[in-house]
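**Q** Submitted below is the structure of interest, expressed as structure tokens.
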Amino acid sequence: MMDAQWHTLSPDETLERLSASPEGLSAAEASRRLGTYGPNVLQPGKAASPWKLLFDQFRNVLILTLLLATVLSVFLGHGIEAAAIAVIVLFAVLLGFIQEYRAEKAIDALRSMAAPQARVMRDGREQLVAASDVVPGDIVLLAAGDRIPADARLLTAVNLQVEEAPLTGESLPSEKDAAVRLPAHAGPGDRRNMVFAGTTVSYGRGSAVVASTGMQTEFGRIATLLQQVETEKTPLQKNLDKVGAALARAALVIVLVIVALGLFRGQSFIEMLIFGIALAVAVVPEALPAVVTISLALGVQRMVRRNALMRRLPVVETLGSTTVICSDKTGTLTRDEMTIRVIHISGITIDVSGSGYIPEGSFTAQGGGPVPGTLQRLLTAGVLCNDSRLRKNPEGHWEITGDPTEGALLVAAAKAGFDIAEVKNRFPRIEELPFSSETKRMVTVHDDQGEPNAFVKGAPEVLLDDCTGYLDGDGLHPLDTVRRAQVLAEAEAMGRRALRVLALAEKPGARLQEASGNLVFLGLAGMIDPPRPEAAGAVQHSIEAGIRPVMITGDHPVTAEAIARELGILRDGRVMTGAVLQEMDNDELRRSVGGISVFARVAPEHKLRIVEALQKNGEIVAMTGDGVNDAPALKKADIGISMGITGTDVSKEASAMMLTDDNFASIVAAIEEGRGIYDNIKKYLTYLLSSNIGELGLMAGASLFGLPLPLTAVQILYVNLATDGLPALALAVDPPEKGIMQRRPNDPRQGIFTRPVLALMLAGGIWSTVVNMSLFHWALHSGRSLQEAMTMTFVSLVLIQFFKAYNFRSETKPIYHSPFANRWLNVAILWELVLLACIITVPFLERVFSTFFLTPEDWLVVLLASLTVIPAIELVKLLIRKKVL
């Protein structure tokens with residue numbers, strides 16, 4: 001029943017539409033409606049079974065090709081090699097399964113936010129029922145601390161305030177009004193006459209008639225969006241899919257051609273089949289899935305040290321391609337902690353430094369003059385006319401219990417050196433009038449050395465009408481029309497800066513009933529949920545890195561614009577509201593989204609549409625957020641980033657990355673790390689595939705020229721798994737190049753295989769083929785045995801791979817530029833050289849690998865031949881630097 005637009009109806013019209021009454025439903029009617037509408041729970045979508053998720057991991061060309069290689073290895077009698085490939089496949093499959101299984105848990109977290117019980121009117125009396133049994137038409141009773149069980153239209157509201165930040169992104173509790181009727185286009189954050197499932201009453205009391213339950217609530221709508229969102233593959237996954245498909249096609253074509261040529265020359269079918277299998281093994285880089293997975297896992301460990309926790313492994317490399325960061329405002333760019341920025345007293349404006357609830361800061365009068373002594377009186381009023389508490393939690397973080405605006409007054413007093421507990425004890429409260437939406441003020445009366453003293457705080461336009469005097473350094477003065485207009489103008493100026501403004505006043509000697517007139521005006525306090533201190537720098541760094549920051553928030557446009565301008569997000573772009581966005585079709589939004597820097601007052605589906613529009617424009621989108629309302633967009637974005645401290649479980653489960661310190665600056669650090677990982681992925685892919693091209697060229701060339709097999713199947717598998725694997729892993733942790741954050745993001749449309757990468761990969765592979773073919777042919781015709789010639793070729797191939805590993809550390813910089821900076825590569829190469837020496841000199845290994853003990857002359861020839869790859873690749877780098885390639 002969500003489409004009835006309940007916020008446009010009066011309470012009586014709503015009751016009539018729902019066939020309900022203020023006395024509540026009867027038990028029998030509630031039972032009937034429960035059968036009609038179903039339980040008030042979020043229904044799980046059609047989730048894939050674990051078995052299906054596991055089976056889907058095998059729908060990958062590279063995995064299938066590796067499985068085929070396993071079968072072929074068994075056919076050849078190489079059980080150890082077959083087991084090694086099978087372990088790699090199992091590792092990759094299980095990792096993918098775990099990631100996808102965890103991704104299915106987002107809606108379970110959303111479901112856990114539902115209220116366990118609800119107070120309703122049934123059969124004319126108050127009853128406590130399970131929230132799952134609440135039905136449309138139930139009358140729900142609300143009090144401070146209650147979790148609201150369903151979406152409902154308010155019938156009564158007495159000073160009712162509801163914490164809706166998880167749903168709307170609002171920094172402050174929403175003040176509710178049962179009497180108001182709102183236009184149809186009002187979004188959830190503007191529906192002051194409604195309360196929503198999963199939100200919490202922070203103040204006051206009220207009653208409401210349930211309008212929507214279960215999947216028809218706003219939370220249910222988010223759950224539906226989550227179920228409908230399909231997670232996109234990362235650029236690396238797409239590239240690896242293409243590589244796998246290309247390798248499989250290449251293996252099939254080459255095997256068929258070469259087997260056919262062999263048969264044409266009269267060679268036996270079995271001999272050529274074995275040769276074809278060896279070629280197929282040479283084409284497939286068996287170590288690739290393991291290297292990709294392990295390198296991403298190592299990258300994740302480095303990111304944890306920079307306060308970024310990756311929840312979906314493949315997304316690590318996507319960070320390097322990020323072109324847009326769509327950030328929620330509350331709790332992400334801001335602290336979600338109201339802070340007094342400006343105080344206006346005695347005609348003087350005072351700037352207050354510090355951010356959030358940390359009681360550290362200073363007071364500076366604008367214009368450089370002294371801070372008036374009346375500041376102490378205003379702060380005293382702020383402490384006494386206050387129901388909140390400021391404390392340090394066990395983790396050492398300062399926090400507020402109670403209303404955030406009252407908390408801001410306590411923090412300001414603490415910055416001025418007040419002992420808050422001592423002040424409250426010195427002036428005990430004797431009477432009070434709580435804040436209400438009708439009076440727009442709060443009054444407390446305190447015992448001041450035996451005399452009553454009333455302190456009042458509230459909206460400036462209301463409170464000033466009751467003030468007849470004001471305090472300054474010279475004492476009490478009449479508040480005339482001119483002074484009153486000046487104060488109101490100052491309050492309006494604060495409002496234009498998106499500050500929430502409170503006026504404070506007192507009346508010495510007055511009891512509660514006497515505190516409604518002849519007040520002494522003390523001053524104004526302007527507060528805001530401020531940007532994080534490090535956010536502006538992080539925004540600037542992202543812009544320098546070619547990444548466009550965009551703010552997407554459910555907060556008011558004025559507040560959003562003020563924060564965006566302060567952070568440097570809103571420079572050339574525009575501000576768009578959710579109401580305007582709602583009127584745009586998808587094509588119009590796609591055309592406009594590139595020029596908009598701030599989206600304000602948006603609903604969850606709007607965030608999702610914005611992300612989709614950016615993606616259709618070719619952007620790689622990182623979306624940050626901490627609320628339930630962010631979850632669908634977090635799941636849809638290329639990189640969903642949730643907040644580890646303030647984030648809801650729903651947003652965490654929907655995200656791919658979580659910031660453990662809730663710090664926007666950590667995103668930029670993660671992107672820097674992601675760019676380094678992306679560069680390293682290119683390095684080891686270039687290395688691995690270049691090596692495979694060299695092996696394939698060697699085997700194919702030998703067949704085409706009628707030469708014997710230059711390598712055995714065991715030697716090929718050793719090169720692919722061991723010789724290629726360890727240096728590739730070492731390249732995965734190569735130190736990042738300088739200036740990595742001063743360049744444009746990686747072009748996702750271009751992919752990993754850029755022209756420089758292809759040039760280096762082909763040059764290395766072709767040169768390896770030419771050198772090794774020439775060496776093999778020379779060795780066969782220089783009086784050496786076939787086994788000796790094969791061993792020389794095997795050693796030359798391995799050494800060329802090692803030299804290429806150092807060459808491929810940079811696409812452009814020469815090999816002599818910090819050649820041994822990667823200590824892990826040095827260790828890997830040293831270890832592989834020891835293994836290579838053992839394979840050639842240890843008799844047992846000689847038999848396994850069919851090698852031959854080489855003479856010093858053989859070693860010299862092999863070393864000189866393999867060294868030629870260095871100038872060959874350096875020539876290609878020179879052409880890349882000169883933009884020829």
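Letters A, B, ... go to the chains of the structure tokens in the order shown; residues in each chain start at 1; ligands are counted from 1 in the same order.
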Taking the DSSP assignment computed from this structure's backbone, write out as a list of chain:residue names all residues of stretch 381-458 of chain A that belong to alpha helix (DSSP H).

**A**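 Listing alpha helix (DSSP H) positions across stretch 381-458 of chain A yields A:Ala381, A:Gly382, A:Val383, A:Leu384, A:Pro404, A:Thr405, A:Glu406, A:Gly407, A:Ala408, A:Leu409, A:Leu410, A:Val411, A:Ala412, A:Ala413, A:Ala414, A:Lys415, A:Ile420, A:Ala421, A:Glu422, A:Val423, A:Lys424, A:Asn425, A:Arg426.
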
**Q** Taking into account only C-alpha atoms, which residue in the set A:Ala30, A:Ala633, A:Leu167, A:Ile870 is nearest to A:Glu605?

**A**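 Under the stated criterion, the closest residue is A:Ala633.
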
**Q** Between A:Val795, A:Ile528, A:Leu885, A:Val862, which is the closest to A:Thr754 once you count only C-alpha atoms?

**A**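 For A:Thr754, the nearest of the candidates is A:Leu885.
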
**Q** Mind giving me the straight-line distance from atom CA of A:Ile345 to atom CA of A:Leu524 in Å, one decimal?

**A**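 Distance reported for this atom pair: 6.6 Å.
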
**Q** With only C-alpha atoms as the counted atoms, please give the residues lying no more than 8 Å from stretch 381-389 of chain A, apart from itself and same-chain residues fewer than 6 positions off, as a PyMOL selection string.

**A** chain A and resi 400-404+406-407+409-410+413+420+423-424+427+429+442-444+446+455-457+504-506

**Q** Restricting the output to N, CA and C atoms, write the selected residues as a PDB file, in the first residue's frame.

**A**
ATOM      1  N   ILE A 400      28.339  12.282  22.218  1.00  0.00           N
ATOM      2  CA  ILE A 400      27.221  13.009  22.818  1.00  0.00           C
ATOM      3  C   ILE A 400      26.068  12.043  23.045  1.00  0.00           C
ATOM      4  N   THR A 401      25.485  12.141  24.219  1.00  0.00           N
ATOM      5  CA  THR A 401      24.234  11.439  24.489  1.00  0.00           C
ATOM      6  C   THR A 401      23.134  12.484  24.538  1.00  0.00           C
ATOM      7  N   GLY A 402      22.181  12.392  23.608  1.00  0.00           N
ATOM      8  CA  GLY A 402      21.108  13.377  23.549  1.00  0.00           C
ATOM      9  C   GLY A 402      21.090  14.111  22.227  1.00  0.00           C
ATOM     10  N   ASP A 403      20.498  15.298  22.216  1.00  0.00           N
ATOM     11  CA  ASP A 403      20.324  16.074  20.989  1.00  0.00           C
ATOM     12  C   ASP A 403      21.672  16.628  20.501  1.00  0.00           C
ATOM     13  N   PRO A 404      21.993  16.475  19.211  1.00  0.00           N
ATOM     14  CA  PRO A 404      23.296  16.951  18.701  1.00  0.00           C
ATOM     15  C   PRO A 404      23.499  18.455  18.831  1.00  0.00           C
ATOM     16  N   GLU A 406      22.299  20.431  21.182  1.00  0.00           N
ATOM     17  CA  GLU A 406      22.642  20.687  22.583  1.00  0.00           C
ATOM     18  C   GLU A 406      24.061  20.224  22.866  1.00  0.00           C
ATOM     19  N   GLY A 407      24.445  19.110  22.258  1.00  0.00           N
ATOM     20  CA  GLY A 407      25.805  18.616  22.430  1.00  0.00           C
ATOM     21  C   GLY A 407      26.830  19.619  21.935  1.00  0.00           C
ATOM     22  N   LEU A 409      26.625  22.822  22.041  1.00  0.00           N
ATOM     23  CA  LEU A 409      26.765  23.865  23.074  1.00  0.00           C
ATOM     24  C   LEU A 409      27.682  23.402  24.199  1.00  0.00           C
ATOM     25  N   LEU A 410      27.570  22.115  24.585  1.00  0.00           N
ATOM     26  CA  LEU A 410      28.442  21.592  25.636  1.00  0.00           C
ATOM     27  C   LEU A 410      29.899  21.582  25.188  1.00  0.00           C
ATOM     28  N   ALA A 413      31.392  25.024  25.309  1.00  0.00           N
ATOM     29  CA  ALA A 413      31.719  25.412  26.681  1.00  0.00           C
ATOM     30  C   ALA A 413      32.996  24.719  27.154  1.00  0.00           C
ATOM     31  N   ILE A 420      31.817  21.195  32.986  1.00  0.00           N
ATOM     32  CA  ILE A 420      30.364  21.135  32.768  1.00  0.00           C
ATOM     33  C   ILE A 420      29.644  20.589  33.983  1.00  0.00           C
ATOM     34  N   VAL A 423      29.464  23.245  36.717  1.00  0.00           N
ATOM     35  CA  VAL A 423      28.498  24.309  36.439  1.00  0.00           C
ATOM     36  C   VAL A 423      27.080  23.828  36.759  1.00  0.00           C
ATOM     37  N   LYS A 424      26.775  22.603  36.342  1.00  0.00           N
ATOM     38  CA  LYS A 424      25.424  22.086  36.592  1.00  0.00           C
ATOM     39  C   LYS A 424      25.168  21.869  38.086  1.00  0.00           C
ATOM     40  N   PHE A 427      24.575  25.380  39.728  1.00  0.00           N
ATOM     41  CA  PHE A 427      23.266  25.978  39.422  1.00  0.00           C
ATOM     42  C   PHE A 427      22.263  24.851  39.178  1.00  0.00           C
ATOM     43  N   ARG A 429      19.033  22.595  38.546  1.00  0.00           N
ATOM     44  CA  ARG A 429      17.771  22.882  37.857  1.00  0.00           C
ATOM     45  C   ARG A 429      16.611  22.643  38.814  1.00  0.00           C
ATOM     46  N   MET A 442      13.152  26.170  24.563  1.00  0.00           N
ATOM     47  CA  MET A 442      13.295  25.347  25.769  1.00  0.00           C
ATOM     48  C   MET A 442      13.638  26.298  26.909  1.00  0.00           C
ATOM     49  N   VAL A 443      13.007  26.093  28.084  1.00  0.00           N
ATOM     50  CA  VAL A 443      13.223  26.952  29.252  1.00  0.00           C
ATOM     51  C   VAL A 443      13.630  26.075  30.425  1.00  0.00           C
ATOM     52  N   THR A 444      14.694  26.479  31.125  1.00  0.00           N
ATOM     53  CA  THR A 444      15.049  25.827  32.384  1.00  0.00           C
ATOM     54  C   THR A 444      15.275  26.915  33.437  1.00  0.00           C
ATOM     55  N   HIS A 446      17.007  27.715  37.227  1.00  0.00           N
ATOM     56  CA  HIS A 446      18.071  27.196  38.095  1.00  0.00           C
ATOM     57  C   HIS A 446      18.187  28.016  39.367  1.00  0.00           C
ATOM     58  N   PHE A 455      16.826  30.376  32.025  1.00  0.00           N
ATOM     59  CA  PHE A 455      17.603  30.387  30.785  1.00  0.00           C
ATOM     60  C   PHE A 455      16.747  29.822  29.663  1.00  0.00           C
ATOM     61  N   VAL A 456      16.825  30.474  28.516  1.00  0.00           N
ATOM     62  CA  VAL A 456      15.963  30.103  27.395  1.00  0.00           C
ATOM     63  C   VAL A 456      16.823  29.961  26.138  1.00  0.00           C
ATOM     64  N   LYS A 457      16.530  28.937  25.327  1.00  0.00           N
ATOM     65  CA  LYS A 457      17.148  28.846  24.006  1.00  0.00           C
ATOM     66  C   LYS A 457      16.076  28.452  23.007  1.00  0.00           C
ATOM     67  N   LEU A 504      20.045  32.500  22.522  1.00  0.00           N
ATOM     68  CA  LEU A 504      20.040  32.202  23.953  1.00  0.00           C
ATOM     69  C   LEU A 504      19.741  33.485  24.731  1.00  0.00           C
ATOM     70  N   ALA A 505      18.952  33.308  25.801  1.00  0.00           N
ATOM     71  CA  ALA A 505      18.544  34.464  26.609  1.00  0.00           C
ATOM     72  C   ALA A 505      18.396  34.027  28.062  1.00  0.00           C
ATOM     73  N   GLU A 506      18.244  35.000  28.954  1.00  0.00           N
ATOM     74  CA  GLU A 506      18.028  34.679  30.364  1.00  0.00           C
ATOM     75  C   GLU A 506      17.088  35.702  30.988  1.00  0.00           C
TER      76      GLU A 506
END

**Q** Which neighbours of stretch 755-772 of chain A fall inside 9 Å, counting only C-alpha atoms, when residues of the same chain fewer than 5 positions from it are skipped, and could you give them as a short mmCIF file (atom, residue, chain, number, x, y, z; two decimals) with N, CA and C atoms, in the first residue's frame?

**A**
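Saved file result.cif follows:
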data_model
loop_
_atom_site.label_atom_id
_atom_site.label_comp_id
_atom_site.auth_asym_id
_atom_site.auth_seq_id
_atom_site.Cartn_x
_atom_site.Cartn_y
_atom_site.Cartn_z
N LYS A 682 49.67 -5.03 -14.70
CA LYS A 682 50.16 -4.89 -16.09
C LYS A 682 51.56 -5.48 -16.23
N LYS A 683 52.41 -5.25 -15.21
CA LYS A 683 53.78 -5.75 -15.29
C LYS A 683 53.80 -7.28 -15.36
N LEU A 685 51.32 -9.36 -16.02
CA LEU A 685 50.63 -9.90 -17.20
C LEU A 685 51.54 -9.80 -18.43
N THR A 686 52.22 -8.67 -18.56
CA THR A 686 53.16 -8.51 -19.67
C THR A 686 54.24 -9.58 -19.58
N TYR A 687 54.73 -9.80 -18.37
CA TYR A 687 55.79 -10.79 -18.15
C TYR A 687 55.30 -12.20 -18.47
N LEU A 688 54.15 -12.59 -17.90
CA LEU A 688 53.66 -13.94 -18.09
C LEU A 688 53.31 -14.23 -19.55
N LEU A 689 52.56 -13.30 -20.16
CA LEU A 689 52.12 -13.55 -21.53
C LEU A 689 53.28 -13.45 -22.52
N SER A 690 54.23 -12.57 -22.26
CA SER A 690 55.42 -12.52 -23.09
C SER A 690 56.17 -13.84 -23.01
N SER A 691 56.24 -14.40 -21.80
CA SER A 691 56.91 -15.69 -21.63
C SER A 691 56.18 -16.78 -22.40
N ASN A 692 54.86 -16.76 -22.36
CA ASN A 692 54.10 -17.79 -23.09
C ASN A 692 54.24 -17.64 -24.60
N ILE A 693 54.30 -16.38 -25.06
CA ILE A 693 54.51 -16.17 -26.49
C ILE A 693 55.87 -16.74 -26.90
N GLY A 694 56.88 -16.53 -26.04
CA GLY A 694 58.20 -17.07 -26.34
C GLY A 694 58.19 -18.59 -26.39
N GLU A 695 57.50 -19.22 -25.44
CA GLU A 695 57.41 -20.69 -25.43
C GLU A 695 56.65 -21.20 -26.65
N LEU A 696 55.52 -20.58 -26.91
CA LEU A 696 54.69 -21.01 -28.03
C LEU A 696 55.42 -20.82 -29.36
N GLY A 697 56.08 -19.67 -29.51
CA GLY A 697 56.83 -19.41 -30.74
C GLY A 697 57.92 -20.43 -30.95
N LEU A 698 58.60 -20.80 -29.84
CA LEU A 698 59.67 -21.78 -29.92
C LEU A 698 59.13 -23.14 -30.36
N MET A 699 58.05 -23.59 -29.72
CA MET A 699 57.48 -24.90 -30.05
C MET A 699 56.89 -24.91 -31.45
N GLY A 701 57.65 -22.86 -33.95
CA GLY A 701 58.72 -22.69 -34.93
C GLY A 701 59.45 -23.99 -35.21
N HIS A 777 68.80 -24.54 -33.04
CA HIS A 777 69.26 -24.97 -34.37
C HIS A 777 70.79 -25.05 -34.40
N MET A 792 70.32 -26.62 -23.30
CA MET A 792 70.79 -25.26 -23.56
C MET A 792 69.61 -24.34 -23.88
N THR A 793 68.67 -24.84 -24.67
CA THR A 793 67.49 -24.03 -25.01
C THR A 793 66.63 -23.78 -23.78
N PHE A 794 66.46 -24.80 -22.95
CA PHE A 794 65.67 -24.67 -21.71
C PHE A 794 66.29 -23.60 -20.79
N SER A 796 68.42 -21.19 -21.63
CA SER A 796 68.33 -19.88 -22.28
C SER A 796 66.94 -19.28 -22.11
N LEU A 797 65.91 -20.11 -22.29
CA LEU A 797 64.53 -19.64 -22.13
C LEU A 797 64.31 -19.10 -20.72
N ILE A 800 66.25 -15.78 -20.15
CA ILE A 800 65.57 -14.68 -20.84
C ILE A 800 64.36 -14.20 -20.02
N GLN A 801 63.63 -15.15 -19.43
CA GLN A 801 62.49 -14.78 -18.57
C GLN A 801 62.97 -13.90 -17.41
N LYS A 804 63.83 -10.42 -18.56
CA LYS A 804 62.59 -9.70 -18.89
C LYS A 804 61.87 -9.23 -17.63
N PHE A 808 60.65 -5.45 -17.39
CA PHE A 808 59.24 -5.10 -17.38
C PHE A 808 58.81 -4.37 -16.11
N GLU A 811 57.34 0.54 -17.97
CA GLU A 811 57.05 0.60 -19.41
C GLU A 811 58.00 1.55 -20.12
N THR A 812 58.53 2.54 -19.42
CA THR A 812 59.29 3.59 -20.09
C THR A 812 60.71 3.77 -19.54
N ALA A 865 73.55 -15.40 -25.34
CA ALA A 865 72.33 -15.40 -26.14
C ALA A 865 71.16 -14.78 -25.37
N SER A 866 71.05 -15.15 -24.09
CA SER A 866 69.91 -14.65 -23.30
C SER A 866 70.05 -13.16 -22.98
N THR A 868 70.89 -10.84 -24.86
CA THR A 868 70.49 -9.99 -25.99
C THR A 868 69.07 -9.46 -25.83
N VAL A 869 68.26 -10.06 -24.95
CA VAL A 869 66.89 -9.59 -24.79
C VAL A 869 66.86 -8.20 -24.16
N ALA A 872 67.15 -5.43 -26.79
CA ALA A 872 65.97 -5.50 -27.65
C ALA A 872 64.78 -4.81 -26.99
N ILE A 873 64.54 -5.08 -25.71
CA ILE A 873 63.40 -4.47 -25.01
C ILE A 873 63.68 -2.99 -24.71
N VAL A 876 62.62 -0.91 -27.59
CA VAL A 876 61.16 -0.72 -27.60
C VAL A 876 60.76 0.37 -26.61
N LYS A 877 61.36 0.37 -25.41
CA LYS A 877 61.06 1.41 -24.41
C LYS A 877 61.42 2.79 -24.94
N ILE A 880 58.76 3.92 -27.11
CA ILE A 880 57.58 4.28 -26.31
C ILE A 880 57.76 5.69 -25.73
N LEU A 885 55.56 4.36 -30.32
CA LEU A 885 54.68 3.23 -30.01
C LEU A 885 53.68 3.64 -28.93
#

**Q** Find the nearest atom pair between each residue of stretch 309-426 of chain A and stretch 493-496 of chain A for residues within 10 Å, count only C-alpha atoms, give distances in Å to one decimal, sort rows by chain and ascending number, and present the table as JSON lines.

**A**
{"residue": "A:Arg341", "atom": "CA", "partner": "A:Met494", "partner_atom": "CA", "distance": 9.8}
{"residue": "A:Val342", "atom": "CA", "partner": "A:Met494", "partner_atom": "CA", "distance": 8.2}
{"residue": "A:Ile343", "atom": "CA", "partner": "A:Met494", "partner_atom": "CA", "distance": 9.9}
{"residue": "A:His344", "atom": "CA", "partner": "A:Met494", "partner_atom": "CA", "distance": 9.9}

**Q** For A:Asp630, list every protein, DNA or RNA residue within 12 Å, evaluated using only C-alpha atoms, and leave out those in the same chain fewer than 3 positions away; present the list as a ChimeraX atom specification.

**A** /A:106,110,165-169,219,222-223,225-226,326-330,332,552-554,602-608,610-611,623-627,633-637,640-643,647-655

**Q** Please identify the strand (DSSP E) residues within stretch 470-595 of chain A (assignment by DSSP from backbone atoms) and present them as number ranges by chain.

**A** A: 470-472, 475-478, 500-508, 519-528, 548-552, 574-577

**Q** Save out the residues we just selected, N, CA and C atoms, as a compact mmCIF listing (two decimals), in the first residue's frame.

**A**
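Produced file selection-v1.txt, reproduced below:
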# COMPACT_ATOMS: atom_id res chain seq x y z
N TYR A 470 19.66 43.52 26.18
CA TYR A 470 20.80 42.67 25.79
C TYR A 470 22.00 43.05 26.64
N LEU A 471 22.93 42.10 26.75
CA LEU A 471 24.13 42.31 27.55
C LEU A 471 25.32 42.61 26.67
N ASP A 472 26.18 43.53 27.09
CA ASP A 472 27.50 43.67 26.49
C ASP A 472 28.49 43.94 27.62
N GLY A 475 27.31 46.21 30.45
CA GLY A 475 26.13 45.89 31.24
C GLY A 475 24.89 45.69 30.38
N LEU A 476 23.73 45.94 31.00
CA LEU A 476 22.44 45.70 30.35
C LEU A 476 21.98 46.94 29.59
N HIS A 477 21.50 46.71 28.34
CA HIS A 477 21.01 47.81 27.50
C HIS A 477 19.66 47.42 26.92
N PRO A 478 18.82 48.42 26.59
CA PRO A 478 17.53 48.10 25.95
C PRO A 478 17.77 47.53 24.54
N ARG A 500 22.88 26.15 11.41
CA ARG A 500 21.67 26.11 12.22
C ARG A 500 21.87 27.08 13.37
N VAL A 501 20.94 28.03 13.55
CA VAL A 501 21.15 29.14 14.48
C VAL A 501 20.22 28.99 15.68
N LEU A 502 20.80 29.11 16.87
CA LEU A 502 20.05 29.15 18.12
C LEU A 502 20.29 30.49 18.80
N ALA A 503 19.23 31.04 19.37
CA ALA A 503 19.36 32.25 20.20
C ALA A 503 19.29 31.82 21.67
N LEU A 504 20.04 32.50 22.52
CA LEU A 504 20.04 32.20 23.95
C LEU A 504 19.74 33.48 24.73
N ALA A 505 18.95 33.31 25.80
CA ALA A 505 18.54 34.46 26.61
C ALA A 505 18.40 34.03 28.06
N GLU A 506 18.24 35.00 28.95
CA GLU A 506 18.03 34.68 30.36
C GLU A 506 17.09 35.70 30.99
N LYS A 507 16.58 35.35 32.16
CA LYS A 507 15.76 36.30 32.93
C LYS A 507 16.06 36.07 34.40
N PRO A 508 16.97 36.85 34.96
CA PRO A 508 17.31 36.67 36.38
C PRO A 508 16.09 36.89 37.27
N LEU A 519 12.89 39.16 28.40
CA LEU A 519 14.13 38.39 28.48
C LEU A 519 15.33 39.27 28.14
N VAL A 520 16.50 38.84 28.61
CA VAL A 520 17.77 39.50 28.28
C VAL A 520 18.47 38.66 27.21
N PHE A 521 18.64 39.23 26.04
CA PHE A 521 19.27 38.51 24.93
C PHE A 521 20.78 38.36 25.19
N LEU A 522 21.26 37.10 25.08
CA LEU A 522 22.67 36.83 25.33
C LEU A 522 23.49 36.69 24.05
N GLY A 523 22.89 36.14 22.98
CA GLY A 523 23.64 35.99 21.74
C GLY A 523 23.10 34.88 20.86
N LEU A 524 23.78 34.70 19.73
CA LEU A 524 23.43 33.66 18.75
C LEU A 524 24.57 32.64 18.66
N ALA A 525 24.21 31.40 18.43
CA ALA A 525 25.20 30.34 18.18
C ALA A 525 24.85 29.67 16.86
N GLY A 526 25.81 29.69 15.92
CA GLY A 526 25.60 29.08 14.61
C GLY A 526 26.40 27.80 14.50
N MET A 527 25.73 26.70 14.16
CA MET A 527 26.40 25.40 14.15
C MET A 527 26.12 24.63 12.86
N ILE A 528 26.97 23.68 12.59
CA ILE A 528 26.84 22.87 11.39
C ILE A 528 27.54 21.55 11.63
N ARG A 548 37.05 13.07 -10.41
CA ARG A 548 36.06 14.11 -10.12
C ARG A 548 35.23 13.72 -8.90
N PRO A 549 35.26 14.54 -7.81
CA PRO A 549 34.41 14.25 -6.66
C PRO A 549 33.00 14.81 -6.87
N VAL A 550 32.01 14.01 -6.49
CA VAL A 550 30.61 14.41 -6.59
C VAL A 550 29.94 14.11 -5.25
N MET A 551 29.21 15.10 -4.70
CA MET A 551 28.48 14.89 -3.45
C MET A 551 27.06 14.46 -3.76
N ILE A 552 26.62 13.36 -3.12
CA ILE A 552 25.25 12.89 -3.25
C ILE A 552 24.70 12.72 -1.84
N ARG A 574 27.18 22.22 -10.95
CA ARG A 574 25.90 22.76 -10.47
C ARG A 574 25.36 21.89 -9.34
N VAL A 575 24.29 22.41 -8.68
CA VAL A 575 23.58 21.67 -7.65
C VAL A 575 22.24 21.23 -8.22
N MET A 576 21.89 19.97 -8.02
CA MET A 576 20.60 19.48 -8.49
C MET A 576 19.90 18.77 -7.33
N THR A 577 18.59 19.01 -7.21
CA THR A 577 17.81 18.35 -6.16
C THR A 577 17.16 17.09 -6.68

**Q** So that I can check the surroundings of stretch 665-680 of chain A, please list as a list in words every protein, DNA and RNA residue that reaches within 7 Å of it, counting only C-alpha atoms and ignoring chain neighbours fewer than 6 positions away.

**A**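 So the residues in contact are Gly299, Met303, Arg306, Asn307, Ala308, Val316, Glu317, Leu319, Gly320, Glu534, Ala535, Ala538, Ser542, Leu659, Leu731, Ala732, Asp734, Pro736 and Met741 of chain A.
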
**Q** One number please: atom CA of A:Met338 to atom CA of A:Val621, in Å, one decimal.

**A**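 Rounded to one decimal, the two atoms are 29.4 Å apart.
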
**Q** Would you mind listing what lies within 12 Å of A:Arg591 as a ChimeraX atom specification, with only C-alpha atoms counted and same-chain residues fewer than 6 positions away left out?

**A** /A:584-585,610,613-617
